[in-house]
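Down below is the structure, laid out as structure tokens.
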Amino acid sequence: MDQGIPVPGESALWTPNYLGNGDGSVSVGFAANWTVYPKDCARKWPVINRRVIQSESGKGLLFNDTGINSTVQRIRYQDLCSPYADQFEANHGAVHGFIGGHMSLLACAPNDPVFFFHHCFIDYLFEEFRQNYQQSVLDRDYPRDSFVPDRHHAEDQMLPFESMMNIDGLSTNYTELYYAYASRPNGCKEHEDCRSEILWCSKASNRCLTKIREGGRCESLPDEACYCITCIKQCGNVNGVCKCRPT
């Protein structure tokens, strides 16, 4: 939904009320000034750091409807994973690059709570694929070819979970017994259909998009596309920028 606004890096997500700032050390929001571990990850940035792309080029690194549909409409598990196909992994990795900072470092990314939100969305797409399109047996469709890398075979131990094997990750018990996902707020007719104060319904496309933070570029979008913390009722598009209207 961020991909549909002029500059995704100026989304309302990157405000104190949500994920905090995305331009350097995180200093506002619930994760402000969180210490980074281990020492190797803290050497360059001792607190959580982000470098969210602040230009239109960021759109190319985010999921869009085409990428999501091509993922969830596959029919076999191996269509989603390397070494058979890697577009799902590439789409996932591009978001890490979009956020930057610790999220761009494989061993350090979990320091940023955005890592867990992102991976929940990846898991959501995987579950949408399994429940709606997968044609093979859900909990047994694990690749058995000889070129599956070491430690990634079906019966290899799922480190660090000593009692589990890799194939156990395909179990349906998780979603049948423990949790479920709400559907994505996609198509809409009214703003209320989007179910969030930082989403708005674009009448041009009849889909939910993320609102733009105060000071962000909104081009010719309506006032409803803006999200301001300092002035809620008077927030709107002022000469192509989301800001408080003069009183």
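In the structure tokens, chains take letters A, B, ... by order of appearance, with residues numbered from 1 within each chain and ligands from 1 in the order shown.
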
- Once DSSP has gone over the backbone, tell me which residues of stretch 128-196 of chain A are in strand (DSSP E), as a PyMOL selection string. chain A and resi 157-158+161-165

Pick out the residues sitting within 12 Å of A:Cys120, and hand them over as a PDB file with N, CA and C atoms, in the first residue's frame; count only C-alpha atoms, and ignore anything fewer than 4 positions along from it in its own chain.
```pdb
ATOM      1  N   HIS A  92      11.149 -10.181  -1.075  1.00  0.00           N
ATOM      2  CA  HIS A  92      11.340 -10.036   0.371  1.00  0.00           C
ATOM      3  C   HIS A  92      12.617  -9.259   0.667  1.00  0.00           C
ATOM      4  N   PRO A 113      12.464  -3.816  15.069  1.00  0.00           N
ATOM      5  CA  PRO A 113      11.152  -4.476  15.128  1.00  0.00           C
ATOM      6  C   PRO A 113      10.435  -4.514  13.790  1.00  0.00           C
ATOM      7  N   VAL A 114      10.814  -3.636  12.861  1.00  0.00           N
ATOM      8  CA  VAL A 114      10.230  -3.689  11.523  1.00  0.00           C
ATOM      9  C   VAL A 114      10.497  -5.047  10.883  1.00  0.00           C
ATOM     10  N   PHE A 115      11.600  -5.685  11.238  1.00  0.00           N
ATOM     11  CA  PHE A 115      11.943  -7.012  10.728  1.00  0.00           C
ATOM     12  C   PHE A 115      10.793  -7.988  10.966  1.00  0.00           C
ATOM     13  N   PHE A 116      10.203  -7.958  12.154  1.00  0.00           N
ATOM     14  CA  PHE A 116       9.158  -8.919  12.500  1.00  0.00           C
ATOM     15  C   PHE A 116       7.839  -8.579  11.813  1.00  0.00           C
ATOM     16  N   TYR A 124       2.210 -14.199   5.876  1.00  0.00           N
ATOM     17  CA  TYR A 124       0.818 -14.023   5.452  1.00  0.00           C
ATOM     18  C   TYR A 124       0.650 -14.394   3.977  1.00  0.00           C
ATOM     19  N   LEU A 125       1.578 -13.935   3.125  1.00  0.00           N
ATOM     20  CA  LEU A 125       1.496 -14.260   1.703  1.00  0.00           C
ATOM     21  C   LEU A 125       1.657 -15.759   1.480  1.00  0.00           C
ATOM     22  N   PHE A 126       2.558 -16.379   2.241  1.00  0.00           N
ATOM     23  CA  PHE A 126       2.746 -17.820   2.138  1.00  0.00           C
ATOM     24  C   PHE A 126       1.466 -18.554   2.517  1.00  0.00           C
ATOM     25  N   GLU A 127       0.795 -18.073   3.552  1.00  0.00           N
ATOM     26  CA  GLU A 127      -0.450 -18.721   3.989  1.00  0.00           C
ATOM     27  C   GLU A 127      -1.567 -18.501   2.973  1.00  0.00           C
ATOM     28  N   TYR A 179      -3.053 -19.307  15.396  1.00  0.00           N
ATOM     29  CA  TYR A 179      -3.242 -17.934  14.940  1.00  0.00           C
ATOM     30  C   TYR A 179      -3.868 -17.907  13.555  1.00  0.00           C
ATOM     31  N   ALA A 180      -4.378 -16.739  13.191  1.00  0.00           N
ATOM     32  CA  ALA A 180      -4.931 -16.522  11.851  1.00  0.00           C
ATOM     33  C   ALA A 180      -4.647 -15.081  11.461  1.00  0.00           C
ATOM     34  N   TYR A 181      -4.671 -14.817  10.173  1.00  0.00           N
ATOM     35  CA  TYR A 181      -4.427 -13.464   9.680  1.00  0.00           C
ATOM     36  C   TYR A 181      -5.737 -12.820   9.219  1.00  0.00           C
ATOM     37  N   ALA A 182      -5.863 -11.527   9.500  1.00  0.00           N
ATOM     38  CA  ALA A 182      -6.958 -10.763   8.904  1.00  0.00           C
ATOM     39  C   ALA A 182      -6.636 -10.552   7.427  1.00  0.00           C
TER      40      ALA A 182
END
```

- Item | Exercise: A:Gln78 partners within 12 Å, only C-alpha atoms, chain neighbours under 2 positions left out, as a ChimeraX atom specification | /A:71,74-76,80-89,126,129-130,134-136,138,140-145,148,170

Nearby residues (only C-alpha atoms) at most 7 Å from stretch 197-208 of chain A, same-chain spacing under 6 positions excluded, as a JSON list (two decimals) with N, CA and C atoms, in the first residue's frame:
```json
[["chain", "number", "residue", "atom", "x", "y", "z"],
["A", 1, "MET", "N", 0.82, -1.21, 0.00],
["A", 1, "MET", "CA", 0.00, 0.00, 0.00],
["A", 1, "MET", "C", 0.86, 1.26, 0.00],
["A", 12, "ALA", "N", 3.12, 7.49, 6.36],
["A", 12, "ALA", "CA", 2.80, 7.77, 7.76],
["A", 12, "ALA", "C", 3.33, 6.70, 8.71],
["A", 185, "PRO", "N", -6.50, -5.21, 3.61],
["A", 185, "PRO", "CA", -7.46, -4.18, 3.16],
["A", 185, "PRO", "C", -7.03, -3.67, 1.79],
["A", 186, "ASN", "N", -7.61, -4.21, 0.76],
["A", 186, "ASN", "CA", -7.16, -3.87, -0.58],
["A", 186, "ASN", "C", -8.21, -3.03, -1.30],
["A", 187, "GLY", "N", -9.20, -3.69, -1.92],
["A", 187, "GLY", "CA", -10.25, -2.95, -2.60],
["A", 187, "GLY", "C", -11.11, -2.16, -1.62],
["A", 188, "CYS", "N", -11.60, -1.01, -2.04],
["A", 188, "CYS", "CA", -12.40, -0.18, -1.14],
["A", 188, "CYS", "C", -13.33, 0.74, -1.93],
["A", 189, "LYS", "N", -14.36, 1.20, -1.25],
["A", 189, "LYS", "CA", -15.24, 2.23, -1.79],
["A", 189, "LYS", "C", -15.24, 3.48, -0.91],
["A", 190, "GLU", "N", -15.03, 3.26, 0.40],
["A", 190, "GLU", "CA", -14.99, 4.36, 1.35],
["A", 190, "GLU", "C", -13.74, 4.21, 2.22],
["A", 191, "HIS", "N", -13.34, 5.30, 2.86],
["A", 191, "HIS", "CA", -12.14, 5.27, 3.71],
["A", 191, "HIS", "C", -12.29, 4.25, 4.84],
["A", 224, "GLU", "N", -7.42, 13.76, 2.12],
["A", 224, "GLU", "CA", -7.54, 12.50, 2.86],
["A", 224, "GLU", "C", -6.26, 11.66, 2.80],
["A", 225, "ALA", "N", -5.38, 11.98, 1.85],
["A", 225, "ALA", "CA", -4.14, 11.22, 1.71],
["A", 225, "ALA", "C", -3.08, 11.64, 2.72],
["A", 227, "TYR", "N", -1.47, 12.67, 6.58],
["A", 227, "TYR", "CA", -1.51, 12.33, 8.00],
["A", 227, "TYR", "C", -0.57, 13.28, 8.74]]
```

- Task: Kindly give the distance, in Å, that separates atom CA of A:Thr210 and atom CA of A:Glu10, rounded to a single decimal.
- Result: 9.7 Å

- Message: Just checking: using only C-alpha atoms, which residue out of A:Gly97, A:Pro38, A:Gly58, A:Gly24 ends up closest to A:Ile5?
- Response: A:Gly58

- Item | From A:Cys231, A:Asn239, A:Ser183, A:Gln3, residue lying nearest A:Ser57 [only C-alpha atoms] |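 Of all the options, A:Gln3 lies closest to A:Ser57.
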
Long-range neighbours of A:Ala154 as a short mmCIF file (atom, residue, chain, number, x, y, z; two decimals) with C-alpha atoms, in the first residue's frame, 7 Å cut-off, only C-alpha atoms, 4 positions minimum in chain:
```cif
data_model
loop_
_atom_site.label_atom_id
_atom_site.label_comp_id
_atom_site.auth_asym_id
_atom_site.auth_seq_id
_atom_site.Cartn_x
_atom_site.Cartn_y
_atom_site.Cartn_z
CA TYR A 142 9.06 -30.24 0.67
CA MET A 165 13.03 -30.90 11.28
CA ASN A 166 12.83 -28.45 8.38
CA ILE A 167 9.74 -30.12 6.97
#
```

- Query: atom CA of A:Leu209 and atom CA of A:Asp2, how far apart in Å?
  - Reply: 6.3 Å
